[in-house]
>>> print(open('my_file_4.pdb').read())   # PDB, C-alpha atoms and all ligand atoms
ATOM      1  CA  MET A 191     -34.677-110.266-143.976
ATOM      2  CA  LYS A 192     -34.366-111.093-147.669
ATOM      3  CA  ALA A 193     -36.819-109.569-150.140
ATOM      4  CA  THR A 194     -37.504-109.222-153.866
ATOM      5  CA  VAL A 195     -37.870-105.793-155.455
ATOM      6  CA  VAL A 196     -41.224-105.649-157.257
ATOM      7  CA  ARG A 197     -41.182-101.987-158.308
ATOM      8  CA  SER A 198     -38.441 -99.413-158.502
ATOM      9  CA  THR A 199     -39.097 -95.735-159.088
ATOM     10  CA  GLY A 200     -35.542 -94.579-158.504
ATOM     11  CA  SER A 201     -36.253 -92.969-155.150
ATOM     12  CA  TRP A 202     -38.183 -95.687-153.350
ATOM     13  CA  TYR A 203     -38.809 -99.343-153.867
ATOM     14  CA  ARG A 204     -41.701-101.685-153.403
ATOM     15  CA  ILE A 205     -40.401-104.941-151.981
ATOM     16  CA  ARG A 206     -41.889-108.312-151.146
ATOM     17  CA  LYS A 207     -40.206-109.940-148.190
ATOM     18  CA  ASP A 208     -39.642-113.638-148.087
ATOM     19  CA  ASP A 209     -42.300-113.932-145.359
ATOM     20  CA  GLY A 210     -44.823-112.817-148.013
ATOM     21  CA  SER A 211     -45.457-109.302-146.702
ATOM     22  CA  SER A 212     -44.950-106.223-148.899
ATOM     23  CA  CYS A 213     -43.835-102.710-148.056
ATOM     24  CA  ASP A 214     -42.068 -99.634-149.421
ATOM     25  CA  ALA A 215     -38.381 -99.238-148.755
ATOM     26  CA  ARG A 216     -35.551 -96.798-149.345
ATOM     27  CA  ILE A 217     -31.901 -97.519-149.872
ATOM     28  CA  ARG A 218     -29.027 -96.602-147.670
ATOM     29  CA  GLY A 219     -25.432 -96.635-148.714
ATOM     30  CA  LYS A 220     -23.844 -97.090-152.079
ATOM     31  CA  PHE A 221     -25.169 -99.581-154.577
ATOM     32  CA  ARG A 222     -22.940 -99.390-157.592
ATOM     33  CA  LEU A 223     -22.927-102.962-158.754
ATOM     34  CA  ASP A 224     -21.081-104.467-161.660
ATOM     35  CA  GLY A 225     -19.498-101.073-162.349
ATOM     36  CA  LEU A 226     -22.749-100.065-164.066
ATOM     37  CA  ASN A 227     -23.526 -96.395-164.251
ATOM     38  CA  THR A 228     -27.301 -96.336-164.201
ATOM     39  CA  THR A 229     -30.028 -94.068-162.888
ATOM     40  CA  ASN A 230     -31.407 -96.820-160.674
ATOM     41  CA  PRO A 231     -28.951 -98.817-158.605
ATOM     42  CA  ILE A 232     -31.618-101.372-157.730
ATOM     43  CA  ALA A 233     -34.168-102.784-160.137
ATOM     44  CA  VAL A 234     -37.242-104.972-160.284
ATOM     45  CA  GLY A 235     -36.229-108.562-159.702
ATOM     46  CA  ASP A 236     -33.270-107.729-157.504
ATOM     47  CA  ARG A 237     -32.830-109.812-154.371
ATOM     48  CA  VAL A 238     -32.055-107.537-151.448
ATOM     49  CA  GLU A 239     -31.449-107.533-147.722
ATOM     50  CA  CYS A 240     -33.743-105.215-145.791
ATOM     51  CA  ASN A 241     -33.931-104.001-142.206
ATOM     52  CA  ASN A 242     -35.987-101.665-140.051
ATOM     53  CA  ASP A 243     -34.093 -98.490-139.143
ATOM     54  CA  GLU A 244     -34.399 -96.642-135.799
ATOM     55  CA  GLU A 245     -37.520 -94.797-136.936
ATOM     56  CA  GLY A 246     -39.180 -98.006-138.063
ATOM     57  CA  HIS A 247     -38.704 -97.374-141.795
ATOM     58  CA  GLU A 248     -37.772-100.242-144.040
ATOM     59  CA  VAL A 249     -34.299 -99.818-145.507
ATOM     60  CA  ILE A 250     -32.519-101.841-148.183
ATOM     61  CA  THR A 251     -29.010-102.475-146.918
ATOM     62  CA  GLY A 252     -27.614-105.039-149.311
ATOM     63  CA  ILE A 253     -28.104-106.665-152.688
ATOM     64  CA  GLU A 254     -27.291-110.142-153.952
ATOM     65  CA  PRO A 255     -25.231-110.514-157.127
ATOM     66  CA  ARG A 256     -27.457-110.549-160.222
ATOM     67  CA  ARG A 257     -27.758-113.620-162.421
ATOM     68  CA  ASN A 258     -28.477-111.293-165.344
ATOM     69  CA  TYR A 259     -30.194-107.995-166.139
ATOM     70  CA  ILE A 260     -31.484-105.922-169.018
ATOM     71  CA  ILE A 261     -30.376-102.326-169.363
ATOM     72  CA  ARG A 262     -32.119 -99.744-171.485
ATOM     73  CA  ARG A 263     -31.805 -96.053-172.075
ATOM     74  CA  SER A 264     -34.058 -94.054-169.758
ATOM     75  CA  ASN A 265     -35.755 -92.559-172.816
ATOM     76  CA  ASN A 266     -35.053 -92.093-176.499
ATOM     77  CA  LEU A 267     -33.158 -88.845-176.127
ATOM     78  CA  SER A 268     -31.214 -89.552-173.011
ATOM     79  CA  ARG A 269     -27.849 -91.125-172.585
ATOM     80  CA  GLN A 270     -28.759 -92.225-169.127
ATOM     81  CA  ARG A 271     -29.229 -95.885-168.611
ATOM     82  CA  GLN A 272     -31.697 -97.718-166.513
ATOM     83  CA  ILE A 273     -31.736-101.302-165.356
ATOM     84  CA  LEU A 274     -35.120-102.500-166.545
ATOM     85  CA  ALA A 275     -35.149-105.771-164.615
ATOM     86  CA  ALA A 276     -32.807-108.305-163.071
ATOM     87  CA  ASN A 277     -32.630-112.062-162.442
ATOM     88  CA  LEU A 278     -34.772-113.117-165.386
ATOM     89  CA  ASP A 279     -35.382-116.709-166.433
ATOM     90  CA  ARG A 280     -36.995-115.675-169.695
ATOM     91  CA  ALA A 281     -38.218-112.695-171.691
ATOM     92  CA  ILE A 282     -41.452-112.939-173.658
ATOM     93  CA  LEU A 283     -42.332-110.544-176.449
ATOM     94  CA  LEU A 284     -46.093-110.354-176.920
ATOM     95  CA  ILE A 285     -46.765-109.629-180.565
ATOM     96  CA  THR A 286     -49.729-109.429-182.914
ATOM     97  CA  LEU A 287     -49.882-110.315-186.590
ATOM     98  CA  ALA A 288     -53.034-108.249-187.056
ATOM     99  CA  ALA A 289     -54.724-105.285-185.340
ATOM    100  CA  PRO A 290     -51.937-104.094-185.734
ATOM    101  CA  ALA A 291     -49.044-106.270-186.945
ATOM    102  CA  THR A 292     -45.828-106.062-184.938
ATOM    103  CA  SER A 293     -42.935-105.405-187.334
ATOM    104  CA  THR A 294     -40.143-107.960-187.565
ATOM    105  CA  GLY A 295     -37.755-105.019-187.159
ATOM    106  CA  PHE A 296     -39.108-104.494-183.659
ATOM    107  CA  ILE A 297     -39.074-108.225-182.958
ATOM    108  CA  ASP A 298     -35.474-108.632-184.106
ATOM    109  CA  ARG A 299     -34.326-105.746-181.922
ATOM    110  CA  PHE A 300     -35.960-107.419-178.970
ATOM    111  CA  LEU A 301     -34.284-110.735-179.754
ATOM    112  CA  LEU A 302     -30.939-108.984-180.179
ATOM    113  CA  THR A 303     -31.335-107.412-176.742
ATOM    114  CA  CYS A 304     -32.152-110.768-175.173
ATOM    115  CA  GLU A 305     -29.087-112.359-176.788
ATOM    116  CA  ALA A 306     -26.852-109.501-175.659
ATOM    117  CA  TYR A 307     -28.012-109.915-172.061
ATOM    118  CA  HIS A 308     -28.180-113.721-172.112
ATOM    119  CA  VAL A 309     -31.897-113.961-171.410
ATOM    120  CA  PRO A 310     -33.771-116.771-173.217
ATOM    121  CA  ALA A 311     -36.469-115.254-175.448
ATOM    122  CA  LEU A 312     -39.875-116.464-176.576
ATOM    123  CA  LEU A 313     -42.292-114.939-179.064
ATOM    124  CA  LEU A 314     -45.926-115.060-178.054
ATOM    125  CA  ILE A 315     -48.459-114.312-180.776
ATOM    126  CA  ASN A 316     -51.635-112.874-179.283
ATOM    127  CA  LYS A 317     -55.073-112.185-180.798
ATOM    128  CA  CYS A 318     -55.104-115.467-182.695
ATOM    129  CA  ASP A 319     -58.898-115.202-182.761
ATOM    130  CA  LEU A 320     -58.360-112.540-185.445
ATOM    131  CA  LEU A 321     -56.156-114.769-187.601
ATOM    132  CA  GLU A 322     -58.694-117.235-188.980
ATOM    133  CA  GLY A 323     -58.035-117.895-192.642
ATOM    134  CA  ALA A 324     -54.422-116.729-192.326
ATOM    135  CA  GLU A 325     -53.024-120.048-191.054
ATOM    136  CA  ALA A 326     -50.399-120.322-193.808
ATOM    137  CA  GLU A 327     -49.031-116.828-193.090
ATOM    138  CA  VAL A 328     -48.974-117.490-189.350
ATOM    139  CA  GLU A 329     -47.133-120.765-189.921
ATOM    140  CA  ALA A 330     -44.574-119.114-192.219
ATOM    141  CA  PHE A 331     -43.990-116.395-189.656
ATOM    142  CA  ALA A 332     -43.603-118.834-186.760
ATOM    143  CA  ASP A 333     -41.301-121.018-188.837
ATOM    144  CA  MET A 334     -38.949-118.125-189.586
ATOM    145  CA  TYR A 335     -38.234-117.863-185.852
ATOM    146  CA  ARG A 336     -38.576-121.487-184.803
ATOM    147  CA  ARG A 337     -35.982-122.687-187.282
ATOM    148  CA  ILE A 338     -33.373-120.382-185.767
ATOM    149  CA  GLY A 339     -34.212-121.633-182.297
ATOM    150  CA  TYR A 340     -36.785-119.261-180.831
ATOM    151  CA  PRO A 341     -39.919-120.840-179.428
ATOM    152  CA  VAL A 342     -43.134-119.327-180.795
ATOM    153  CA  MET A 343     -46.479-119.810-179.063
ATOM    154  CA  LEU A 344     -49.954-118.757-180.106
ATOM    155  CA  ILE A 345     -52.704-117.532-177.800
ATOM    156  CA  SER A 346     -55.809-115.476-177.578
ATOM    157  CA  ALA A 347     -55.656-113.710-174.231
ATOM    158  CA  LEU A 348     -59.139-112.313-174.690
ATOM    159  CA  HIS A 349     -60.706-115.713-175.375
ATOM    160  CA  GLU A 350     -58.353-117.613-173.041
ATOM    161  CA  GLU A 351     -57.072-119.889-175.784
ATOM    162  CA  GLY A 352     -53.679-121.581-175.670
ATOM    163  CA  LEU A 353     -52.846-120.456-172.146
ATOM    164  CA  GLU A 354     -52.020-123.862-170.566
ATOM    165  CA  PRO A 355     -48.650-124.423-172.273
ATOM    166  CA  LEU A 356     -47.741-120.836-171.461
ATOM    167  CA  GLN A 357     -48.664-121.311-167.809
ATOM    168  CA  ALA A 358     -46.435-124.373-167.676
ATOM    169  CA  LEU A 359     -43.495-122.218-168.827
ATOM    170  CA  LEU A 360     -44.197-119.464-166.333
ATOM    171  CA  ARG A 361     -44.508-121.699-163.285
ATOM    172  CA  GLY A 362     -41.699-121.172-160.796
ATOM    173  CA  LYS A 363     -39.882-118.747-163.135
ATOM    174  CA  THR A 364     -39.366-115.008-163.391
ATOM    175  CA  THR A 365     -40.508-113.836-166.804
ATOM    176  CA  LEU A 366     -40.277-110.402-168.358
ATOM    177  CA  LEU A 367     -43.282-109.563-170.530
ATOM    178  CA  SER A 368     -42.737-106.933-173.187
ATOM    179  CA  GLY A 369     -44.632-105.762-176.238
ATOM    180  CA  HIS A 370     -46.141-102.739-177.939
ATOM    181  CA  SER A 371     -48.865-100.897-176.155
ATOM    182  CA  GLY A 372     -52.119-102.521-177.247
ATOM    183  CA  ALA A 373     -50.616-105.968-177.859
ATOM    184  CA  GLY A 374     -52.620-107.319-174.922
ATOM    185  CA  LYS A 375     -50.120-107.497-172.030
ATOM    186  CA  SER A 376     -52.576-106.361-169.381
ATOM    187  CA  THR A 377     -55.334-108.595-170.741
ATOM    188  CA  LEU A 378     -52.967-111.561-170.606
ATOM    189  CA  ILE A 379     -51.686-110.856-167.090
ATOM    190  CA  ASN A 380     -55.283-110.494-165.869
ATOM    191  CA  ARG A 381     -56.025-113.949-167.295
ATOM    192  CA  LEU A 382     -52.940-115.466-165.701
ATOM    193  CA  ILE A 383     -53.445-113.816-162.309
ATOM    194  CA  PRO A 384     -57.178-113.602-161.621
ATOM    195  CA  GLY A 385     -58.058-110.800-159.240
ATOM    196  CA  LEU A 386     -55.237-108.521-160.337
ATOM    197  CA  ASP A 387     -57.522-106.417-162.522
ATOM    198  CA  LEU A 388     -55.017-104.335-164.494
ATOM    199  CA  LYS A 389     -56.568-101.675-166.715
ATOM    200  CA  THR A 390     -56.852-102.772-170.333
ATOM    201  CA  GLY A 391     -57.887-101.247-173.611
ATOM    202  CA  ALA A 392     -56.983 -98.608-176.105
ATOM    203  CA  ILE A 393     -58.067 -95.783-173.809
ATOM    204  CA  SER A 394     -55.622 -96.569-171.053
ATOM    205  CA  ALA A 395     -52.845 -97.099-173.591
ATOM    206  CA  GLN A 396     -53.578 -93.729-175.202
ATOM    207  CA  HIS A 397     -53.792 -92.126-171.806
ATOM    208  CA  GLN A 398     -50.352 -93.428-170.954
ATOM    209  CA  LYS A 399     -48.839 -92.132-174.172
ATOM    210  CA  GLY A 400     -50.312 -88.666-173.651
ATOM    211  CA  LYS A 401     -48.953 -88.292-170.169
ATOM    212  CA  HIS A 402     -45.257 -88.665-171.058
ATOM    213  CA  THR A 403     -44.606 -89.890-167.583
ATOM    214  CA  THR A 404     -41.788 -92.252-166.840
ATOM    215  CA  THR A 405     -43.091 -95.748-166.565
ATOM    216  CA  PHE A 406     -41.713 -98.513-164.430
ATOM    217  CA  ALA A 407     -41.639-102.226-164.720
ATOM    218  CA  GLU A 408     -43.638-104.082-162.103
ATOM    219  CA  MET A 409     -43.491-107.638-160.862
ATOM    220  CA  HIS A 410     -46.712-109.591-160.374
ATOM    221  CA  PHE A 411     -46.636-112.927-158.582
ATOM    222  CA  LEU A 412     -48.393-115.988-159.909
ATOM    223  CA  ASP A 413     -50.813-117.719-157.601
ATOM    224  CA  ASP A 414     -49.060-121.060-157.898
ATOM    225  CA  PRO A 415     -47.578-123.390-155.293
ATOM    226  CA  GLU A 416     -44.357-123.466-157.328
ATOM    227  CA  GLY A 417     -44.179-119.680-157.352
ATOM    228  CA  GLY A 418     -43.206-117.620-160.353
ATOM    229  CA  ALA A 419     -43.658-114.022-161.383
ATOM    230  CA  ILE A 420     -44.296-111.876-164.428
ATOM    231  CA  ILE A 421     -42.581-108.528-164.857
ATOM    232  CA  ASP A 422     -44.908-106.216-166.736
ATOM    233  CA  THR A 423     -43.372-103.374-168.726
ATOM    234  CA  PRO A 424     -46.256-100.985-169.358
ATOM    235  CA  GLY A 425     -45.470 -98.123-171.693
ATOM    236  CA  ILE A 426     -41.943 -99.336-172.368
ATOM    237  CA  ARG A 427     -41.693 -99.282-176.135
ATOM    238  CA  ASP A 428     -38.310-100.716-176.752
ATOM    239  CA  LEU A 429     -35.808-102.579-174.654
ATOM    240  CA  GLY A 430     -32.914-101.103-176.594
ATOM    241  CA  VAL A 431     -29.412-102.442-176.128
ATOM    242  CA  VAL A 432     -26.754-100.045-174.919
ATOM    243  CA  ASP A 433     -23.026-100.090-175.578
ATOM    244  CA  LEU A 434     -23.093-102.535-178.456
ATOM    245  CA  GLU A 435     -20.204-102.480-180.907
ATOM    246  CA  ALA A 436     -21.116-102.717-184.579
ATOM    247  CA  ARG A 437     -19.306-106.019-184.996
ATOM    248  CA  GLU A 438     -21.158-107.528-182.019
ATOM    249  CA  ILE A 439     -24.531-107.146-183.751
ATOM    250  CA  GLY A 440     -23.917-110.044-186.130
ATOM    251  CA  HIS A 441     -22.940-112.194-183.206
ATOM    252  CA  TYR A 442     -26.336-111.640-181.595
ATOM    253  CA  PHE A 443     -28.211-112.681-184.729
ATOM    254  CA  VAL A 444     -28.114-116.322-183.659
ATOM    255  CA  GLU A 445     -28.296-117.836-187.132
ATOM    256  CA  PHE A 446     -25.303-115.754-188.256
ATOM    257  CA  ARG A 447     -23.162-117.121-185.455
ATOM    258  CA  PRO A 448     -22.027-120.404-187.006
ATOM    259  CA  LEU A 449     -21.194-118.505-190.226
ATOM    260  CA  LEU A 450     -19.076-115.762-188.720
ATOM    261  CA  ASN A 451     -15.747-117.559-188.794
ATOM    262  CA  GLN A 452     -16.375-118.575-192.401
ATOM    263  CA  CYS A 453     -16.329-114.981-193.652
ATOM    264  CA  ARG A 454     -13.088-114.208-195.469
ATOM    265  CA  PHE A 455     -12.389-111.133-193.333
ATOM    266  CA  HIS A 456     -12.441-111.463-189.586
ATOM    267  CA  ASN A 457     -13.899-107.946-189.249
ATOM    268  CA  CYS A 458     -16.566-108.589-191.917
ATOM    269  CA  ARG A 459     -19.717-106.517-191.410
ATOM    270  CA  HIS A 460     -21.650-108.672-193.878
ATOM    271  CA  LEU A 461     -22.499-105.682-196.055
ATOM    272  CA  ASN A 462     -20.803-106.354-199.397
ATOM    273  CA  GLU A 463     -17.429-107.830-198.477
ATOM    274  CA  PRO A 464     -16.095-110.538-200.804
ATOM    275  CA  GLY A 465     -16.237-114.035-199.354
ATOM    276  CA  CYS A 466     -18.960-113.150-196.826
ATOM    277  CA  ALA A 467     -20.613-116.323-195.553
ATOM    278  CA  VAL A 468     -23.667-114.454-194.247
ATOM    279  CA  LEU A 469     -24.372-112.884-197.648
ATOM    280  CA  ALA A 470     -23.961-116.274-199.297
ATOM    281  CA  ALA A 471     -26.454-117.764-196.835
ATOM    282  CA  VAL A 472     -28.952-114.987-197.536
ATOM    283  CA  GLU A 473     -28.568-115.603-201.278
ATOM    284  CA  SER A 474     -29.109-119.331-200.898
ATOM    285  CA  GLY A 475     -32.090-118.759-198.605
ATOM    286  CA  THR A 476     -30.566-120.402-195.523
ATOM    287  CA  VAL A 477     -30.703-117.077-193.718
ATOM    288  CA  SER A 478     -33.998-115.207-193.964
ATOM    289  CA  ALA A 479     -33.728-112.063-196.100
ATOM    290  CA  GLU A 480     -36.090-110.312-193.722
ATOM    291  CA  ARG A 481     -33.840-110.996-190.741
ATOM    292  CA  TYR A 482     -30.850-109.850-192.777
ATOM    293  CA  TYR A 483     -32.542-106.555-193.678
ATOM    294  CA  ASN A 484     -33.337-106.018-190.021
ATOM    295  CA  TYR A 485     -29.680-106.689-189.236
ATOM    296  CA  LEU A 486     -28.706-103.987-191.750
ATOM    297  CA  SER A 487     -31.156-101.525-190.289
ATOM    298  CA  ILE A 488     -29.803-102.123-186.788
ATOM    299  CA  LEU A 489     -26.221-101.849-188.048
ATOM    300  CA  HIS A 490     -26.907 -98.536-189.780
ATOM    301  CA  ASN A 491     -28.663 -97.120-186.744
ATOM    302  CA  GLU A 492     -25.929 -98.255-184.463
ATOM    303  CA  ASP A 493     -25.831 -94.913-182.679
ATOM    304  CA  VAL A 494     -29.318 -95.771-181.422
ATOM    305  CA  PHE A 495     -27.682 -98.290-179.158
ATOM    306  CA  ARG A 496     -24.988 -96.103-177.739
TER     307      ARG A 496
HETATM  308  N1  LIG A 501     -59.321-109.751-180.480
HETATM  309  C1  LIG A 501     -58.511-109.768-179.414
HETATM  310  N2  LIG A 501     -58.278-108.622-178.743
HETATM  311  C2  LIG A 501     -57.469-108.668-177.683
HETATM  312  C3  LIG A 501     -56.827-109.869-177.264
HETATM  313  N3  LIG A 501     -56.053-109.575-176.189
HETATM  314  C4  LIG A 501     -56.221-108.258-175.947
HETATM  315  N4  LIG A 501     -57.074-107.703-176.829
HETATM  316  C5  LIG A 501     -57.520-106.299-176.883
HETATM  317  O1  LIG A 501     -56.437-105.456-177.211
HETATM  318  C6  LIG A 501     -56.583-104.194-176.566
HETATM  319  C7  LIG A 501     -55.312-103.844-175.794
HETATM  320  O2  LIG A 501     -55.155-104.761-174.717
HETATM  321  P1  LIG A 501     -54.281-104.437-173.429
HETATM  322  O3  LIG A 501     -54.301-105.649-172.588
HETATM  323  O4  LIG A 501     -54.721-103.154-172.795
HETATM  324  O5  LIG A 501     -52.840-104.220-174.095
HETATM  325  P2  LIG A 501     -51.473-103.675-173.438
HETATM  326  O6  LIG A 501     -51.374-102.231-173.833
HETATM  327  O7  LIG A 501     -50.385-104.491-174.058
HETATM  328  O8  LIG A 501     -51.568-103.866-171.965
HETATM  329  C8  LIG A 501     -57.806-104.314-175.657
HETATM  330  O9  LIG A 501     -58.906-103.718-176.325
HETATM  331  C9  LIG A 501     -58.003-105.809-175.533
HETATM  332  O10 LIG A 501     -59.339-106.180-175.312
HETATM  333  C10 LIG A 501     -57.093-111.065-178.001
HETATM  334  O11 LIG A 501     -56.598-112.151-177.716
HETATM  335  N5  LIG A 501     -57.933-110.946-179.071
HETATM  336 MG    MG A 502     -51.369-102.507-170.427
HETATM  337 ZN    ZN A 503     -19.554-111.615-193.519
END
>>> encode(input="my_file_4.pdb", output="structure tokens")
Amino acid sequence: MKATVVRSTGSWYRIRKDDGSSCDARIRGKFRLDGLNTTNPIAVGDRVECNNDEEGHEVITGIEPRRNYIIRRSNNLSRQRQILAANLDRAILLITLAAPATSTGFIDRFLLTCEAYHVPALLLINKCDLLEGAEAEVEAFADMYRRIGYPVMLISALHEEGLEPLQALLRGKTTLLSGHSGAGKSTLINRLIPGLDLKTGAISAQHQKGKHTTTFAEMHFLDDPEGGAIIDTPGIRDLGVVDLEAREIGHYFVEFRPLLNQCRFHNCRHLNEPGCAVLAAVESGTVSAERYYNYLSILHNEDVFR
């Protein structure tokens, strides 16, 4: 029977079969797909074939080709890679502009990752109830991303404001939800899937940080006739691209893309090269200086992505 992987710990997997039942399963055989060398051969979102073995245990025996996937490093120090999730229709970054503000550096790294893995990205500003009186700043922030093509939506998960347009986007789709601890991911998922009752609040976030345990993404299904699922990434701080060449980074800053073949040098890094079209666009204000600085910071930390 076919099933979807909803949780993957590396040694066993939680799967939901297409008949709606859920169970734990192990894998048998080799699963080295796409030539990827990762710690987990099967990830949340994977579509698999499962069977009962002689002892009545559920075994994953096959996997369907992935439409896409996001890979990250297992942790900051390790070179090992982990498939965070597969077969995504969209990735949402839940951010806050207050209490505390998510940095654009973090946001731009997330967007870079989504571009590198061909997953459409959306920025979701939470805690809008705390932003009264700051409408102009919120608008300027949203505009910086909207004008380069990223949708930006505003909600208050706590007060259930702005959720309908979001629900329309989630319906029938598989969506990765990412964001700093404390941004409100669990609060939002609880609103979207009543009865789920994920733990929320600063205490649980702190608790998670203290434990230093490996955390795993988990898929939660929407209660909707059209289907759809959210992949929660609790405790995952950064998606983090792996194996990115320095000259690829500019390509994944979407607003740089149309400028790249206008730079005088084909291997231009857009640092200080003469005839650089990106630098000219930053100077004229067509490209946001903030985005450009974040590009530089990513470029100079390029080993972070290796
Ligand atoms: N003011 C306000 N607080 C919120 C909102 N959404 C979540 N919070 C609070 O932010 C804190 C962290 O939320 P939580 O869902 O645990 O964040 P997570 O770590 O991303 O899962 C909790 O105290 C929530 O009550 C919101 O829309 N407005
Ligand atoms: Mg949480
Ligand atoms: Zn250039």
>>> resolve_selection(input="my_file_4.pdb", expression="the PyMOL selection byres (((not hetatm)) within 9 of (chain A and resi 503))", output="list in words")
Gly440, Phe446, Leu449, Leu450, Asn451, Gln452, Cys453, Arg454, Phe455, His456, Asn457, Cys458, Arg459, His460, Leu461, Asn462, Glu463, Pro464, Gly465, Cys466, Ala467, Val468, Leu469 and Ala470 of chain A
>>> atom_distance(input="my_file_4.pdb", atom1="atom O1 of ligand LIG 501 (chain A)", atom2="CA of Gly391 in chain A")
5.7 Å
>>> atom_distance(input="my_file_4.pdb", atom1="atom C2 of ligand LIG 501 (chain A)", atom2="CA of Leu386 in chain A")
17.5 Å
>>> closest_residue(input="my_file_4.pdb", among="A:Ile217, A:Leu360, A:Ala289, A:Ile253", to="ligand LIG 501 (chain A)", atoms="all atoms listed in the file")
A:Ala289
>>> closest_residue(input="my_file_4.pdb", among="A:Val342, A:Leu284, A:Asp414, A:Met334", to="ligand MG 502 (chain A)", atoms="only C-alpha atoms and all ligand atoms")
A:Leu284
>>> atom_distance(input="my_file_4.pdb", atom1="CA of Lys192 in chain A", atom2="CA of Leu359 in chain A")
25.6 Å
>>> closest_residue(input="my_file_4.pdb", among="A:Thr423, A:Asn277, A:Gln272, A:Thr194", to="Val238 in chain A", atoms="only C-alpha atoms")
A:Thr194
>>> residues_near_ligand(input="my_file_4.pdb", ligand="ligand MG 502 (chain A)", cutoff="8 Å", atoms="only C-alpha atoms and all ligand atoms", output="list in words")
Ser371, Gly372, Gly374, Lys375, Ser376, Thr377, Leu388, Lys389, Thr390, Gly391, Ser394, Ala395, Pro424 and Gly425 of chain A
>>> write_last_selection(input="my_file_4.pdb", atoms="C-alpha atoms", output="tab-separated table (two decimals), in the frame of the given file")
chain	number	residue	atom	x	y	z
A	371	SER	CA	-48.86	-100.90	-176.16
A	372	GLY	CA	-52.12	-102.52	-177.25
A	374	GLY	CA	-52.62	-107.32	-174.92
A	375	LYS	CA	-50.12	-107.50	-172.03
A	376	SER	CA	-52.58	-106.36	-169.38
A	377	THR	CA	-55.33	-108.60	-170.74
A	388	LEU	CA	-55.02	-104.34	-164.49
A	389	LYS	CA	-56.57	-101.68	-166.72
A	390	THR	CA	-56.85	-102.77	-170.33
A	391	GLY	CA	-57.89	-101.25	-173.61
A	394	SER	CA	-55.62	-96.57	-171.05
A	395	ALA	CA	-52.84	-97.10	-173.59
A	424	PRO	CA	-46.26	-100.98	-169.36
A	425	GLY	CA	-45.47	-98.12	-171.69
>>> residues_near_point(input="my_file_4.pdb", point="(-36.4, -122.0, -177.5)", cutoff="8 Å", atoms="all atoms listed in the file", output="number ranges by chain")
A: 310-312, 336, 339-342
>>> closest_residue(input="my_file_4.pdb", among="A:Asp319, A:Glu329, A:Glu408, A:Glu239", to="ligand LIG 501 (chain A)", atoms="all atoms listed in the file")
A:Asp319
>>> residues_around(input="my_file_4.pdb", residues="range 229-237 of chain A", least_positions_apart="2", cutoff="9 Å", atoms="only C-alpha atoms", output="number ranges by chain")
A: 192-201, 203-205, 217, 220-223, 226-227, 239, 252-256, 259, 264, 270-278, 364, 406-409, 421
>>> closest_residue(input="my_file_4.pdb", among="A:Asp387, A:Glu435, A:Glu445, A:Glu350", to="ligand LIG 501 (chain A)", atoms="only C-alpha atoms and all ligand atoms")
A:Glu350
>>> closest_residue(input="my_file_4.pdb", among="A:Cys318, A:Val444, A:Val328, A:Leu367", to="Val477 in chain A", atoms="only C-alpha atoms")
A:Val444
>>> residues_around(input="my_file_4.pdb", residues="Ala288 in chain A", least_positions_apart="5", cutoff="10 Å", atoms="only C-alpha atoms", output="tab-separated table (two decimals) with C-alpha atoms, keeping the file's coordinate frame")
chain	number	residue	atom	x	y	z
A	315	ILE	CA	-48.46	-114.31	-180.78
A	316	ASN	CA	-51.64	-112.87	-179.28
A	317	LYS	CA	-55.07	-112.18	-180.80
A	318	CYS	CA	-55.10	-115.47	-182.70
A	320	LEU	CA	-58.36	-112.54	-185.44
A	321	LEU	CA	-56.16	-114.77	-187.60
A	373	ALA	CA	-50.62	-105.97	-177.86
>>> resolve_selection(input="my_file_4.pdb", expression="the PyMOL selection byres (((chain A and resi 308) around 10) and not hetatm)", output="JSON, numbers by chain")
{"A": [257, 258, 259, 260, 278, 279, 280, 302, 303, 304, 305, 306, 307, 309, 310, 311, 442]}
>>> axis_aligned_box(input="my_file_4.pdb", around="range 312-330 of chain A", padding_each_side="8 Å", output="lines of an AutoDock Vina configuration file")
center_x = -49.4
center_y = -116.5
center_z = -185.2
size_x = 35.0
size_y = 24.6
size_z = 33.2
>>> residues_around(input="my_file_4.pdb", residues="Thr294 in chain A", least_positions_apart="2", cutoff="12 Å", atoms="all atoms listed in the file", output="PyMOL selection string")
chain A and resi 283+285-287+291-292+296-302+313+331-332+334-335+478-485+487-488
